[in-house]
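Following: one structure in structure tokens, then a few remarks.
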Amino acid sequence: MPGQKTKTGVVPVHCQDKTFSTKPPQDHVCSMPRGSRIAVVSDPGRGKSSLIQNQICRSAPWAAVYIIHGMAESQEYDLIEHTKLTMEQATPEFWAAESKKHNKQPLALICDDYDYSGMNKVEKGNCYKMVQHACTHHNVTCWLASHSLTQLVPRVRRACDIMCVWPPTTGGSDQVPYLARTLGINRALLQEAFDECLSRGKYSFLCIYQDPPEGRSRIMIDCSDHFE
């Protein structure tokens, strides 16, 4: 009727590229949502690669695992059956072909010790399309290990929907305002969460979700304990 308000809303239009479930595949605190871009950030020797391997195992099954490592001869992930890649090889066409080959089953990618700021034009294009398209359209879950948030160039950092971050050991509380702005968290709250991590020891970290899975809070300590 004229003048009568009608209820309207956005109607979901499903994309055939995004038919896979994004839920964590296992009932475990280290099981990560499918298609996530996970930044793992700490100084050396705090447990980044151990966390990634735990999350990889607890997020299985995988059709395939790929590793892009800045140190070509690294044996850090040899416990995991994987294919080594370079960023130049990781083209959009590569991910489309791998996804098709594995019938769109889950794929995992680990990027570790990689020089994001030193990427050439081809590497930049592949890296940006990897985090902005391959993860969401080809069922690729990506771990990006770095020694600091600033080492993850802004376009890559902004694509990450999960941040696993250790308290800074250099600069201490001076870094917290910057980290709070970058992570979108209240400064005092972040400092309190970091203080709790520090009370637990050097290997304790925060897992911060942009959109936490059911049963988890936005901030989890060591992936297991809610921090409200």
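Going through the structure tokens in order, the chains are called A, B, and so on, while each chain numbers its residues from 1 and the ligands are numbered from 1 in the order shown.
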Need the shell around His147 in chain A: protein/DNA/RNA residues with any atom at most 8 Å away, counting only C-alpha atoms. Skip same-chain ones fewer than 5 positions apart. Format as a PyMOL selection string? chain A and resi 41-44
Env of range 61-66 of chain A: 7 Å cut, atoms = only C-alpha atoms, seq-sep filter 2 positions within chain, self excluded. Answer as a list in words.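 Within the cut-off, the hits are Ser59, Ile68, Glu81, His82, Thr83, Lys84, Leu85, His102, Gln105, Pro106, Leu107, Ala108, Leu109 and Ile110 of chain A.
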Selection near Gly35 in chain A, 6 Å with only C-alpha atoms, sequence-local residues under 6 positions removed, as a PDB file with C-alpha atoms, in the first residue's frame:
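This is the output file result.pdb:
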ATOM      1  CA  CYS A 135      42.346 -18.173   0.307  1.00  0.00           C
ATOM      2  CA  THR A 136      38.722 -17.135  -0.120  1.00  0.00           C
ATOM      3  CA  ASN A 139      40.082 -23.081  -0.044  1.00  0.00           C
ATOM      4  CA  VAL A 140      43.667 -22.163   0.849  1.00  0.00           C
ATOM      5  CA  THR A 141      44.464 -21.515   4.525  1.00  0.00           C
TER       6      THR A 141
END
How far is it from CA of Trp95 in chain A to CA of Ala134 in chain A, in Å with one decimal?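 Taking CA of Trp95 in chain A as the start and CA of Ala134 in chain A as the end point, the length is 6.3 Å.
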Quick one: residues within 9 Å of Thr86 in chain A, only C-alpha atoms, excluding same-chain residues fewer than 3 positions away - as a short mmCIF file (atom, residue, chain, number, x, y, z; two decimals) with C-alpha atoms, in the first residue's frame?
data_model
loop_
_atom_site.label_atom_id
_atom_site.label_comp_id
_atom_site.auth_asym_id
_atom_site.auth_seq_id
_atom_site.Cartn_x
_atom_site.Cartn_y
_atom_site.Cartn_z
CA ILE A 67 55.79 -23.93 1.95
CA ILE A 68 57.37 -20.68 0.82
CA HIS A 69 60.47 -20.18 3.00
CA GLY A 70 62.93 -17.33 2.85
CA GLN A 89 55.66 -19.83 -8.74
CA ALA A 90 52.57 -19.14 -6.59
CA GLU A 123 56.11 -11.49 -6.36
#
